[in-house]
$ cat run_8.cif   # mmCIF, C-alpha atoms; chains and numbers go by the auth columns
data_entry
#
loop_
_atom_site.group_PDB
_atom_site.id
_atom_site.type_symbol
_atom_site.label_atom_id
_atom_site.label_comp_id
_atom_site.label_asym_id
_atom_site.label_seq_id
_atom_site.Cartn_x
_atom_site.Cartn_y
_atom_site.Cartn_z
_atom_site.B_iso_or_equiv
_atom_site.auth_seq_id
_atom_site.auth_asym_id
ATOM 1 C CA MET A 1 93.298 116.014 54.379 0.00 1 A
ATOM 2 C CA ASN A 2 90.063 116.321 56.333 0.00 2 A
ATOM 3 C CA ALA A 3 89.722 116.339 60.107 0.00 3 A
ATOM 4 C CA TRP A 4 89.007 112.690 60.786 0.00 4 A
ATOM 5 C CA LYS A 5 91.765 111.520 58.481 0.00 5 A
ATOM 6 C CA THR A 6 94.208 113.796 60.286 0.00 6 A
ATOM 7 C CA TRP A 7 93.159 112.480 63.675 0.00 7 A
ATOM 8 C CA LEU A 8 93.278 108.900 62.395 0.00 8 A
ATOM 9 C CA LEU A 9 96.810 109.406 61.125 0.00 9 A
ATOM 10 C CA VAL A 10 98.068 110.985 64.329 0.00 10 A
ATOM 11 C CA VAL A 11 96.320 108.562 66.707 0.00 11 A
ATOM 12 C CA GLY A 12 97.362 105.591 64.584 0.00 12 A
ATOM 13 C CA ALA A 13 100.950 106.811 64.565 0.00 13 A
ATOM 14 C CA LEU A 14 100.963 107.307 68.342 0.00 14 A
ATOM 15 C CA VAL A 15 99.493 103.839 68.974 0.00 15 A
ATOM 16 C CA THR A 16 102.022 102.288 66.603 0.00 16 A
ATOM 17 C CA ALA A 17 104.837 104.192 68.298 0.00 17 A
ATOM 18 C CA ALA A 18 103.752 103.012 71.750 0.00 18 A
ATOM 19 C CA ALA A 19 103.401 99.421 70.538 0.00 19 A
ATOM 20 C CA VAL A 20 106.823 99.476 68.868 0.00 20 A
ATOM 21 C CA PHE A 21 108.426 100.887 72.024 0.00 21 A
ATOM 22 C CA VAL A 22 106.748 98.412 74.396 0.00 22 A
ATOM 23 C CA LEU A 23 107.302 95.362 72.201 0.00 23 A
ATOM 24 C CA THR A 24 110.946 96.230 71.582 0.00 24 A
ATOM 25 C CA SER A 25 111.679 96.869 75.260 0.00 25 A
ATOM 26 C CA GLN A 26 109.895 93.677 76.351 0.00 26 A
ATOM 27 C CA ALA A 27 111.675 91.541 73.784 0.00 27 A
ATOM 28 C CA VAL A 28 115.090 92.977 74.650 0.00 28 A
ATOM 29 C CA ALA A 29 114.406 92.680 78.401 0.00 29 A
ATOM 30 C CA ARG A 30 113.468 89.001 78.016 0.00 30 A
ATOM 31 C CA TRP A 31 116.531 88.330 75.890 0.00 31 A
ATOM 32 C CA CYS A 32 118.784 90.211 78.296 0.00 32 A
ATOM 33 C CA THR A 33 117.395 88.412 81.369 0.00 33 A
ATOM 34 C CA GLY A 34 117.924 85.067 79.683 0.00 34 A
ATOM 35 C CA ARG A 35 121.508 85.954 78.842 0.00 35 A
ATOM 36 C CA LEU A 36 122.436 87.376 82.242 0.00 36 A
ATOM 37 C CA VAL A 37 120.921 84.755 84.539 0.00 37 A
ATOM 38 C CA ASN A 38 123.048 81.681 84.990 0.00 38 A
ATOM 39 C CA PRO A 39 120.577 78.861 85.654 0.00 39 A
ATOM 40 C CA GLN A 40 123.332 76.539 86.869 0.00 40 A
ATOM 41 C CA ASP A 41 124.660 78.809 89.570 0.00 41 A
ATOM 42 C CA ASP A 42 122.701 79.613 92.728 0.00 42 A
ATOM 43 C CA LEU A 43 125.515 81.864 93.931 0.00 43 A
ATOM 44 C CA ASP A 44 125.619 84.097 90.882 0.00 44 A
ATOM 45 C CA TRP A 45 123.851 86.853 92.802 0.00 45 A
ATOM 46 C CA LEU A 46 126.695 87.002 95.353 0.00 46 A
ATOM 47 C CA ARG A 47 129.252 87.495 92.605 0.00 47 A
ATOM 48 C CA ARG A 48 127.222 90.222 90.928 0.00 48 A
ATOM 49 C CA GLU A 49 125.895 92.084 93.942 0.00 49 A
ATOM 50 C CA PHE A 50 129.083 92.043 96.014 0.00 50 A
ATOM 51 C CA ARG A 51 131.571 92.072 93.133 0.00 51 A
ATOM 52 C CA LEU A 52 133.458 89.055 94.374 0.00 52 A
ATOM 53 C CA GLY A 53 136.505 87.681 92.619 0.00 53 A
ATOM 54 C CA ALA A 54 137.214 84.070 91.690 0.00 54 A
ATOM 55 C CA GLU A 55 139.054 83.347 94.943 0.00 55 A
ATOM 56 C CA GLU A 56 136.299 84.778 97.110 0.00 56 A
ATOM 57 C CA MET A 57 133.680 82.929 95.086 0.00 57 A
ATOM 58 C CA ALA A 58 135.556 79.649 95.625 0.00 58 A
ATOM 59 C CA ARG A 59 135.349 80.285 99.381 0.00 59 A
ATOM 60 C CA MET A 60 131.621 81.093 99.034 0.00 60 A
ATOM 61 C CA ARG A 61 131.064 77.829 97.190 0.00 61 A
ATOM 62 C CA ASP A 62 132.810 75.873 99.929 0.00 62 A
ATOM 63 C CA LEU A 63 130.706 77.523 102.617 0.00 63 A
ATOM 64 C CA HIS A 64 127.541 76.993 100.606 0.00 64 A
ATOM 65 C CA ALA A 65 128.360 73.330 99.971 0.00 65 A
ATOM 66 C CA GLY A 66 128.894 72.861 103.708 0.00 66 A
ATOM 67 C CA TYR A 67 125.641 74.574 104.605 0.00 67 A
ATOM 68 C CA LEU A 68 123.306 72.941 102.071 0.00 68 A
ATOM 69 C CA PRO A 69 123.145 69.446 103.636 0.00 69 A
ATOM 70 C CA ARG A 70 122.405 71.010 107.054 0.00 70 A
ATOM 71 C CA CYS A 71 119.695 73.162 105.521 0.00 71 A
ATOM 72 C CA GLN A 72 118.171 70.175 103.739 0.00 72 A
ATOM 73 C CA ALA A 73 118.207 68.165 106.975 0.00 73 A
ATOM 74 C CA TRP A 74 116.331 70.950 108.801 0.00 74 A
ATOM 75 C CA CYS A 75 113.808 71.189 105.990 0.00 75 A
ATOM 76 C CA ALA A 76 113.218 67.441 106.040 0.00 76 A
ATOM 77 C CA GLN A 77 112.692 67.458 109.808 0.00 77 A
ATOM 78 C CA ILE A 78 110.283 70.405 109.632 0.00 78 A
ATOM 79 C CA ALA A 79 108.357 68.812 106.771 0.00 79 A
ATOM 80 C CA ALA A 80 108.077 65.523 108.693 0.00 80 A
ATOM 81 C CA LYS A 81 106.768 67.295 111.813 0.00 81 A
ATOM 82 C CA LYS A 82 104.280 69.286 109.751 0.00 82 A
ATOM 83 C CA THR A 83 103.004 66.082 108.150 0.00 83 A
ATOM 84 C CA GLU A 84 102.648 64.556 111.585 0.00 84 A
ATOM 85 C CA LEU A 85 100.783 67.617 112.830 0.00 85 A
ATOM 86 C CA ALA A 86 98.453 67.637 109.828 0.00 86 A
ATOM 87 C CA ALA A 87 97.692 63.949 110.357 0.00 87 A
ATOM 88 C CA GLU A 88 96.983 64.519 114.058 0.00 88 A
ATOM 89 C CA LEU A 89 94.661 67.442 113.334 0.00 89 A
ATOM 90 C CA ALA A 90 92.883 65.486 110.603 0.00 90 A
ATOM 91 C CA ALA A 91 92.469 62.420 112.826 0.00 91 A
ATOM 92 C CA GLN A 92 91.259 64.211 115.979 0.00 92 A
ATOM 93 C CA GLY A 93 89.484 67.198 114.452 0.00 93 A
ATOM 94 C CA ALA A 94 90.649 69.306 117.390 0.00 94 A
ATOM 95 C CA LEU A 95 93.783 70.803 118.900 0.00 95 A
ATOM 96 C CA THR A 96 94.826 67.933 121.135 0.00 96 A
ATOM 97 C CA PRO A 97 97.740 68.125 123.616 0.00 97 A
ATOM 98 C CA ARG A 98 99.762 66.046 121.138 0.00 98 A
ATOM 99 C CA ALA A 99 98.963 68.498 118.318 0.00 99 A
ATOM 100 C CA GLU A 100 100.079 71.360 120.572 0.00 100 A
ATOM 101 C CA ALA A 101 103.293 69.540 121.310 0.00 101 A
ATOM 102 C CA LEU A 102 103.855 68.983 117.586 0.00 102 A
ATOM 103 C CA LEU A 103 103.232 72.682 116.947 0.00 103 A
ATOM 104 C CA ARG A 104 105.875 73.531 119.534 0.00 104 A
ATOM 105 C CA ASP A 105 108.236 71.054 117.864 0.00 105 A
ATOM 106 C CA VAL A 106 107.702 72.658 114.456 0.00 106 A
ATOM 107 C CA ALA A 107 108.332 76.102 115.937 0.00 107 A
ATOM 108 C CA ALA A 108 111.461 74.889 117.727 0.00 108 A
ATOM 109 C CA LEU A 109 112.786 73.263 114.561 0.00 109 A
ATOM 110 C CA ARG A 110 112.112 76.431 112.595 0.00 110 A
ATOM 111 C CA ALA A 111 113.954 78.481 115.198 0.00 111 A
ATOM 112 C CA GLN A 112 116.934 76.108 115.088 0.00 112 A
ATOM 113 C CA CYS A 113 116.885 76.157 111.288 0.00 113 A
ATOM 114 C CA GLN A 114 116.797 79.946 111.313 0.00 114 A
ATOM 115 C CA ALA A 115 119.640 80.124 113.810 0.00 115 A
ATOM 116 C CA ASP A 116 121.725 77.828 111.617 0.00 116 A
ATOM 117 C CA MET A 117 120.880 79.956 108.611 0.00 117 A
ATOM 118 C CA LEU A 118 121.984 83.114 110.428 0.00 118 A
ATOM 119 C CA ARG A 119 125.211 81.381 111.474 0.00 119 A
ATOM 120 C CA HIS A 120 125.823 80.621 107.805 0.00 120 A
ATOM 121 C CA PHE A 121 125.141 84.234 106.829 0.00 121 A
ATOM 122 C CA VAL A 122 127.633 85.420 109.441 0.00 122 A
ATOM 123 C CA GLU A 123 130.222 82.948 108.139 0.00 123 A
ATOM 124 C CA VAL A 124 129.671 84.112 104.580 0.00 124 A
ATOM 125 C CA SER A 125 129.822 87.771 105.566 0.00 125 A
ATOM 126 C CA ARG A 126 133.155 87.183 107.320 0.00 126 A
ATOM 127 C CA ALA A 127 134.563 85.587 104.192 0.00 127 A
ATOM 128 C CA MET A 128 133.821 88.777 102.236 0.00 128 A
ATOM 129 C CA PRO A 129 135.705 92.066 102.308 0.00 129 A
ATOM 130 C CA PRO A 130 134.461 93.974 105.422 0.00 130 A
ATOM 131 C CA GLU A 131 132.213 96.500 103.704 0.00 131 A
ATOM 132 C CA GLN A 132 130.558 93.925 101.450 0.00 132 A
ATOM 133 C CA GLY A 133 130.246 91.584 104.410 0.00 133 A
ATOM 134 C CA ARG A 134 128.332 94.157 106.437 0.00 134 A
ATOM 135 C CA ARG A 135 126.080 94.899 103.511 0.00 135 A
ATOM 136 C CA TYR A 136 125.498 91.185 102.850 0.00 136 A
ATOM 137 C CA LEU A 137 124.574 90.484 106.452 0.00 137 A
ATOM 138 C CA ALA A 138 122.191 93.440 106.626 0.00 138 A
ATOM 139 C CA GLU A 139 120.587 92.425 103.322 0.00 139 A
ATOM 140 C CA MET A 140 120.169 88.797 104.353 0.00 140 A
ATOM 141 C CA GLN A 141 118.682 89.748 107.695 0.00 141 A
ATOM 142 C CA ARG A 142 116.275 92.078 105.939 0.00 142 A
ATOM 143 C CA LEU A 143 115.291 89.465 103.372 0.00 143 A
ATOM 144 C CA THR A 144 115.003 86.451 105.653 0.00 144 A
ATOM 145 C CA LEU A 145 113.826 87.938 108.941 0.00 145 A
ATOM 146 C CA GLY A 146 111.996 90.927 107.522 0.00 146 A
ATOM 147 C CA PHE A 147 109.132 88.757 106.345 0.00 147 A
ATOM 148 C CA HIS A 148 108.216 87.790 109.900 0.00 148 A
ATOM 149 C CA GLU A 149 108.505 91.390 111.050 0.00 149 A
ATOM 150 C CA GLN A 150 106.091 92.455 108.319 0.00 150 A
ATOM 151 C CA THR A 151 103.612 89.788 109.391 0.00 151 A
ATOM 152 C CA GLU A 152 103.936 90.782 113.034 0.00 152 A
ATOM 153 C CA ARG A 153 103.493 94.464 112.200 0.00 153 A
ATOM 154 C CA ALA A 154 100.412 93.624 110.140 0.00 154 A
ATOM 155 C CA MET A 155 98.930 91.878 113.162 0.00 155 A
ATOM 156 C CA THR A 156 99.588 94.868 115.441 0.00 156 A
ATOM 157 C CA PRO A 157 97.115 97.774 115.438 0.00 157 A
ATOM 158 C CA ALA A 158 98.669 101.174 114.621 0.00 158 A
ATOM 159 C CA GLY A 159 100.152 102.954 117.635 0.00 159 A
ATOM 160 C CA HIS A 160 100.099 99.822 119.746 0.00 160 A
ATOM 161 C CA THR A 161 103.461 98.398 120.577 0.00 161 A
ATOM 162 C CA GLY A 162 102.324 95.101 122.050 0.00 162 A
ATOM 163 C CA HIS A 163 101.374 92.027 120.082 0.00 163 A
ATOM 164 C CA ALA A 164 97.657 91.745 119.445 0.00 164 A
ATOM 165 C CA HIS A 165 95.250 90.074 117.116 0.00 165 A
ATOM 166 C CA PRO A 166 92.191 91.678 115.543 0.00 166 A
ATOM 167 C CA MET B 1 73.778 134.045 10.955 0.00 1 B
ATOM 168 C CA ALA B 2 75.636 137.281 10.741 0.00 2 B
ATOM 169 C CA TRP B 3 72.724 139.210 12.166 0.00 3 B
ATOM 170 C CA LEU B 4 72.560 136.792 15.090 0.00 4 B
ATOM 171 C CA ARG B 5 76.174 137.526 16.003 0.00 5 B
ATOM 172 C CA THR B 6 75.551 141.218 15.904 0.00 6 B
ATOM 173 C CA ALA B 7 72.449 140.784 18.115 0.00 7 B
ATOM 174 C CA ARG B 8 74.562 139.094 20.895 0.00 8 B
ATOM 175 C CA PRO B 9 77.883 140.836 20.809 0.00 9 B
ATOM 176 C CA SER B 10 80.692 139.238 22.884 0.00 10 B
ATOM 177 C CA PRO B 11 82.366 141.914 25.006 0.00 11 B
ATOM 178 C CA ALA B 12 86.087 142.370 24.887 0.00 12 B
ATOM 179 C CA VAL B 13 87.976 140.420 27.522 0.00 13 B
ATOM 180 C CA PRO B 14 89.514 142.802 30.050 0.00 14 B
ATOM 181 C CA PRO B 15 93.296 142.804 30.410 0.00 15 B
ATOM 182 C CA GLN B 16 94.763 140.159 32.835 0.00 16 B
ATOM 183 C CA PHE B 17 91.438 138.336 32.744 0.00 17 B
ATOM 184 C CA ALA B 18 92.960 134.864 32.797 0.00 18 B
ATOM 185 C CA ALA B 19 95.314 135.747 35.669 0.00 19 B
ATOM 186 C CA ALA B 20 92.396 137.126 37.646 0.00 20 B
ATOM 187 C CA VAL B 21 90.425 133.918 37.085 0.00 21 B
ATOM 188 C CA TRP B 22 93.296 131.786 38.355 0.00 22 B
ATOM 189 C CA ARG B 23 93.706 133.965 41.404 0.00 23 B
ATOM 190 C CA ARG B 24 90.049 133.449 42.247 0.00 24 B
ATOM 191 C CA ILE B 25 90.328 129.690 41.727 0.00 25 B
ATOM 192 C CA GLU B 26 93.376 129.527 43.977 0.00 26 B
ATOM 193 C CA ALA B 27 91.659 131.558 46.660 0.00 27 B
ATOM 194 C CA GLY B 28 88.757 129.117 46.589 0.00 28 B
ATOM 195 C CA GLU B 29 91.055 126.131 47.073 0.00 29 B
ATOM 196 C CA VAL B 30 92.623 127.358 50.284 0.00 30 B
ATOM 197 C CA ASP B 31 92.212 124.530 52.857 0.00 31 B
ATOM 198 C CA ILE B 32 90.162 125.071 55.930 0.00 32 B
ATOM 199 C CA PRO B 33 92.309 123.750 58.819 0.00 33 B
ATOM 200 C CA ALA B 34 91.140 120.240 59.814 0.00 34 B
ATOM 201 C CA GLY B 35 92.248 120.592 63.434 0.00 35 B
ATOM 202 C CA PRO B 36 94.519 122.524 65.776 0.00 36 B
ATOM 203 C CA TRP B 37 97.769 123.806 64.323 0.00 37 B
ATOM 204 C CA TRP B 38 99.935 121.315 66.234 0.00 38 B
ATOM 205 C CA LEU B 39 97.871 118.413 64.944 0.00 39 B
ATOM 206 C CA MET B 40 98.257 119.620 61.378 0.00 40 B
ATOM 207 C CA ARG B 41 102.005 120.022 61.815 0.00 41 B
ATOM 208 C CA LEU B 42 102.298 116.586 63.375 0.00 42 B
ATOM 209 C CA ALA B 43 100.221 115.031 60.621 0.00 43 B
ATOM 210 C CA ASP B 44 102.325 116.761 57.966 0.00 44 B
ATOM 211 C CA TRP B 45 105.477 115.557 59.680 0.00 45 B
ATOM 212 C CA LEU B 46 104.250 111.990 59.985 0.00 46 B
ATOM 213 C CA ALA B 47 102.955 111.885 56.442 0.00 47 B
ATOM 214 C CA GLN B 48 106.539 111.886 55.189 0.00 48 B
ATOM 215 C CA PRO B 49 107.758 108.271 55.093 0.00 49 B
ATOM 216 C CA ARG B 50 111.394 109.132 55.675 0.00 50 B
ATOM 217 C CA ARG B 51 110.608 111.000 58.880 0.00 51 B
ATOM 218 C CA ALA B 52 108.148 108.350 60.049 0.00 52 B
ATOM 219 C CA LEU B 53 110.763 105.638 59.561 0.00 53 B
ATOM 220 C CA ALA B 54 113.380 107.716 61.383 0.00 54 B
ATOM 221 C CA ALA B 55 110.983 108.163 64.305 0.00 55 B
ATOM 222 C CA LEU B 56 110.309 104.428 64.320 0.00 56 B
ATOM 223 C CA ALA B 57 114.020 103.682 64.407 0.00 57 B
ATOM 224 C CA VAL B 58 114.559 106.113 67.291 0.00 58 B
ATOM 225 C CA LEU B 59 111.674 104.506 69.196 0.00 59 B
ATOM 226 C CA MET B 60 113.132 101.058 68.645 0.00 60 B
ATOM 227 C CA LEU B 61 116.503 102.231 69.931 0.00 61 B
ATOM 228 C CA LEU B 62 114.881 103.785 72.997 0.00 62 B
ATOM 229 C CA GLY B 63 112.860 100.605 73.533 0.00 63 B
ATOM 230 C CA ALA B 64 115.995 98.485 73.249 0.00 64 B
ATOM 231 C CA GLY B 65 117.797 100.703 75.762 0.00 65 B
ATOM 232 C CA THR B 66 114.907 100.510 78.192 0.00 66 B
ATOM 233 C CA GLY B 67 114.747 96.749 77.647 0.00 67 B
ATOM 234 C CA LEU B 68 118.441 96.369 78.449 0.00 68 B
ATOM 235 C CA VAL B 69 118.034 98.225 81.735 0.00 69 B
ATOM 236 C CA GLN B 70 114.866 96.272 82.594 0.00 70 B
ATOM 237 C CA GLY B 71 116.509 92.990 81.648 0.00 71 B
ATOM 238 C CA TRP B 72 119.549 93.728 83.779 0.00 72 B
ATOM 239 C CA MET B 73 117.365 94.610 86.768 0.00 73 B
ATOM 240 C CA ARG B 74 115.130 91.587 86.247 0.00 74 B
ATOM 241 C CA SER B 75 118.107 89.256 85.961 0.00 75 B
ATOM 242 C CA HIS B 76 119.406 90.686 89.226 0.00 76 B
ATOM 243 C CA GLU B 77 116.067 89.967 90.908 0.00 77 B
ATOM 244 C CA VAL B 78 115.964 86.441 89.498 0.00 78 B
ATOM 245 C CA ALA B 79 119.525 85.744 90.657 0.00 79 B
ATOM 246 C CA ARG B 80 118.731 87.067 94.139 0.00 80 B
ATOM 247 C CA ALA B 81 115.574 84.959 94.342 0.00 81 B
ATOM 248 C CA ARG B 82 117.610 81.887 93.329 0.00 82 B
ATOM 249 C CA TYR B 83 120.160 82.541 96.041 0.00 83 B
ATOM 250 C CA LEU B 84 117.488 83.129 98.666 0.00 84 B
ATOM 251 C CA ALA B 85 115.660 79.968 97.660 0.00 85 B
ATOM 252 C CA ALA B 86 118.919 78.058 97.987 0.00 86 B
ATOM 253 C CA VAL B 87 119.894 79.331 101.438 0.00 87 B
ATOM 254 C CA SER B 88 116.509 80.011 102.965 0.00 88 B
ATOM 255 C CA PRO B 89 113.958 77.608 101.509 0.00 89 B
ATOM 256 C CA GLN B 90 111.616 78.070 104.485 0.00 90 B
ATOM 257 C CA GLU B 91 111.338 81.770 103.955 0.00 91 B
ATOM 258 C CA PRO B 92 109.148 83.414 101.327 0.00 92 B
ATOM 259 C CA GLY B 93 110.816 86.088 99.232 0.00 93 B
ATOM 260 C CA PRO B 94 110.553 89.801 100.075 0.00 94 B
#
$ encode --input "run_8.cif" --output "structure tokens"
Amino acid sequence: MNAWKTWLLVVGALVTAAAVFVLTSQAVARWCTGRLVNPQDDLDWLRREFRLGAEEMARMRDLHAGYLPRCQAWCAQIAAKKTELAAELAAQGALTPRAEALLRDVAALRAQCQADMLRHFVEVSRAMPPEQGRRYLAEMQRLTLGFHEQTERAMTPAGHTGHAHP
Amino acid sequence: MAWLRTARPSPAVPPQFAAAVWRRIEAGEVDIPAGPWWLMRLADWLAQPRRALAALAVLMLLGAGTGLVQGWMRSHEVARARYLAAVSPQEPGP
């Protein structure tokens, strides 16, 4: 076997090996994800992450069912105010006192919505075994409030503790 | 014709002549390495279909194992995103 044939064989084998590995892992990962995710159940993550039993999950479902209409009502109110604000800005082409008031309304509604959401998280955490409850609450605070903290940190120059804009 | 043969006498073949000729032929056929030693060994190894198929099977098993772990992790992420979207629709994901 001459040199280029040897190289061709080895390189071809390595490329084939990499392709076989990647394709197999991707196909199995897709299959596995499809099998493990329950598209009908929004609360499946709670069961898996916090290892909750059937009784605890029934309590979670009750709490969730009680919270959802409140959450939807907040969302509808926020969306309505945002539409109003957009219409005001489009009509006036400037930040009018009314637009400012609408902005404050949107912010207030968001704050109330967030407070309600946190109340729900606390309720859910209390319905879990203590250790899981603590972990759930910390995780939910990180996931839902952490986003704003990241944005605020991004707006703050390094080493400066106060809020500032570039 | 007889005088022609006597004019060009054929010498006697030395002992082991044929064996010596073969040795020289074999020496001439020795391959010059076509690359580094590890490449040659790898090429030799891969050139055997049974070994190549075994390697392929091992790779597929490794790929399937990796895929299972990835799939489990991905399904966890998807489930978490679903829950977050359900309880916190105003908030973007992490």
$ interface_residues --input "run_8.cif" --of "chain B" --to "chain A" --cutoff "6 Å" --atoms "only C-alpha atoms" --output "PDB file with C-alpha atoms, keeping the file's coordinate frame"
ATOM      1  CA  ALA B  34      91.140 120.240  59.814  1.00  0.00           C
ATOM      2  CA  GLY B  35      92.248 120.592  63.434  1.00  0.00           C
ATOM      3  CA  ALA B  43     100.221 115.031  60.621  1.00  0.00           C
ATOM      4  CA  LEU B  59     111.674 104.506  69.196  1.00  0.00           C
ATOM      5  CA  MET B  60     113.132 101.058  68.645  1.00  0.00           C
ATOM      6  CA  GLY B  63     112.860 100.605  73.533  1.00  0.00           C
ATOM      7  CA  ALA B  64     115.995  98.485  73.249  1.00  0.00           C
ATOM      8  CA  THR B  66     114.907 100.510  78.192  1.00  0.00           C
ATOM      9  CA  GLY B  67     114.747  96.749  77.647  1.00  0.00           C
ATOM     10  CA  LEU B  68     118.441  96.369  78.449  1.00  0.00           C
ATOM     11  CA  GLN B  70     114.866  96.272  82.594  1.00  0.00           C
ATOM     12  CA  GLY B  71     116.509  92.990  81.648  1.00  0.00           C
ATOM     13  CA  SER B  75     118.107  89.256  85.961  1.00  0.00           C
ATOM     14  CA  ALA B  79     119.525  85.744  90.657  1.00  0.00           C
ATOM     15  CA  ARG B  80     118.731  87.067  94.139  1.00  0.00           C
ATOM     16  CA  ARG B  82     117.610  81.887  93.329  1.00  0.00           C
ATOM     17  CA  TYR B  83     120.160  82.541  96.041  1.00  0.00           C
ATOM     18  CA  PRO B  94     110.553  89.801 100.075  1.00  0.00           C
TER      19      PRO B  94
END
$ resolve_selection --input "run_8.cif" --expression "the PyMOL selection byres ((chain A and resi 99-105) around 10)" --output "list in words"
Gln77, Ile78, Lys81, Lys82, Thr83, Glu84, Leu85, Ala86, Ala87, Glu88, Leu89, Gln92, Ala94, Leu95, Thr96, Pro97, Arg98, Val106, Ala107, Ala108, Leu109, Arg110 and Ala111 of chain A
$ atom_distance --input "run_8.cif" --atom1 "CA of Trp45 (chain B)" --atom2 "CA of Arg23 (chain B)"
28.5 Å
$ atom_distance --input "run_8.cif" --atom1 "CA of Tyr136 (chain A)" --atom2 "CA of His76 (chain B)"
14.9 Å
$ atom_distance --input "run_8.cif" --atom1 "CA of Glu77 (chain B)" --atom2 "CA of Met57 (chain A)"
19.4 Å
$ build_atoms --input "run_8.cif" --residues "region 84-89 of chain B" --atoms "all heavy atoms" --output "PDB file, keeping the file's coordinate frame"
ATOM      1  N   LEU B  84     118.322  83.210  97.461  1.00  0.00           N
ATOM      2  CA  LEU B  84     117.488  83.129  98.666  1.00  0.00           C
ATOM      3  C   LEU B  84     116.809  81.782  98.776  1.00  0.00           C
ATOM      4  O   LEU B  84     116.722  81.194  99.855  1.00  0.00           O
ATOM      5  CB  LEU B  84     116.420  84.222  98.643  1.00  0.00           C
ATOM      6  CG  LEU B  84     116.851  85.597  99.126  1.00  0.00           C
ATOM      7  CD1 LEU B  84     115.678  86.553  99.042  1.00  0.00           C
ATOM      8  CD2 LEU B  84     117.377  85.516 100.556  1.00  0.00           C
ATOM      9  N   ALA B  85     116.317  81.273  97.650  1.00  0.00           N
ATOM     10  CA  ALA B  85     115.660  79.968  97.660  1.00  0.00           C
ATOM     11  C   ALA B  85     116.646  78.879  98.043  1.00  0.00           C
ATOM     12  O   ALA B  85     116.279  77.880  98.670  1.00  0.00           O
ATOM     13  CB  ALA B  85     115.059  79.681  96.294  1.00  0.00           C
ATOM     14  N   ALA B  86     117.915  79.077  97.688  1.00  0.00           N
ATOM     15  CA  ALA B  86     118.919  78.058  97.987  1.00  0.00           C
ATOM     16  C   ALA B  86     119.312  78.072  99.468  1.00  0.00           C
ATOM     17  O   ALA B  86     119.521  77.023 100.065  1.00  0.00           O
ATOM     18  CB  ALA B  86     120.151  78.273  97.125  1.00  0.00           C
ATOM     19  N   VAL B  87     119.411  79.283 100.046  1.00  0.00           N
ATOM     20  CA  VAL B  87     119.894  79.331 101.438  1.00  0.00           C
ATOM     21  C   VAL B  87     118.762  79.408 102.454  1.00  0.00           C
ATOM     22  O   VAL B  87     118.968  79.118 103.624  1.00  0.00           O
ATOM     23  CB  VAL B  87     120.852  80.530 101.678  1.00  0.00           C
ATOM     24  CG1 VAL B  87     122.117  80.363 100.877  1.00  0.00           C
ATOM     25  CG2 VAL B  87     120.174  81.845 101.387  1.00  0.00           C
ATOM     26  N   SER B  88     117.590  79.813 102.004  1.00  0.00           N
ATOM     27  CA  SER B  88     116.509  80.011 102.965  1.00  0.00           C
ATOM     28  C   SER B  88     115.208  79.458 102.389  1.00  0.00           C
ATOM     29  O   SER B  88     114.268  80.194 102.151  1.00  0.00           O
ATOM     30  CB  SER B  88     116.370  81.509 103.246  1.00  0.00           C
ATOM     31  OG  SER B  88     115.275  81.734 104.075  1.00  0.00           O
ATOM     32  N   PRO B  89     115.134  78.155 102.182  1.00  0.00           N
ATOM     33  CA  PRO B  89     113.958  77.608 101.509  1.00  0.00           C
ATOM     34  C   PRO B  89     112.681  77.741 102.306  1.00  0.00           C
ATOM     35  O   PRO B  89     111.584  77.688 101.755  1.00  0.00           O
ATOM     36  CB  PRO B  89     114.321  76.126 101.316  1.00  0.00           C
ATOM     37  CG  PRO B  89     115.385  75.856 102.306  1.00  0.00           C
ATOM     38  CD  PRO B  89     116.097  77.132 102.561  1.00  0.00           C
TER      39      PRO B  89
END
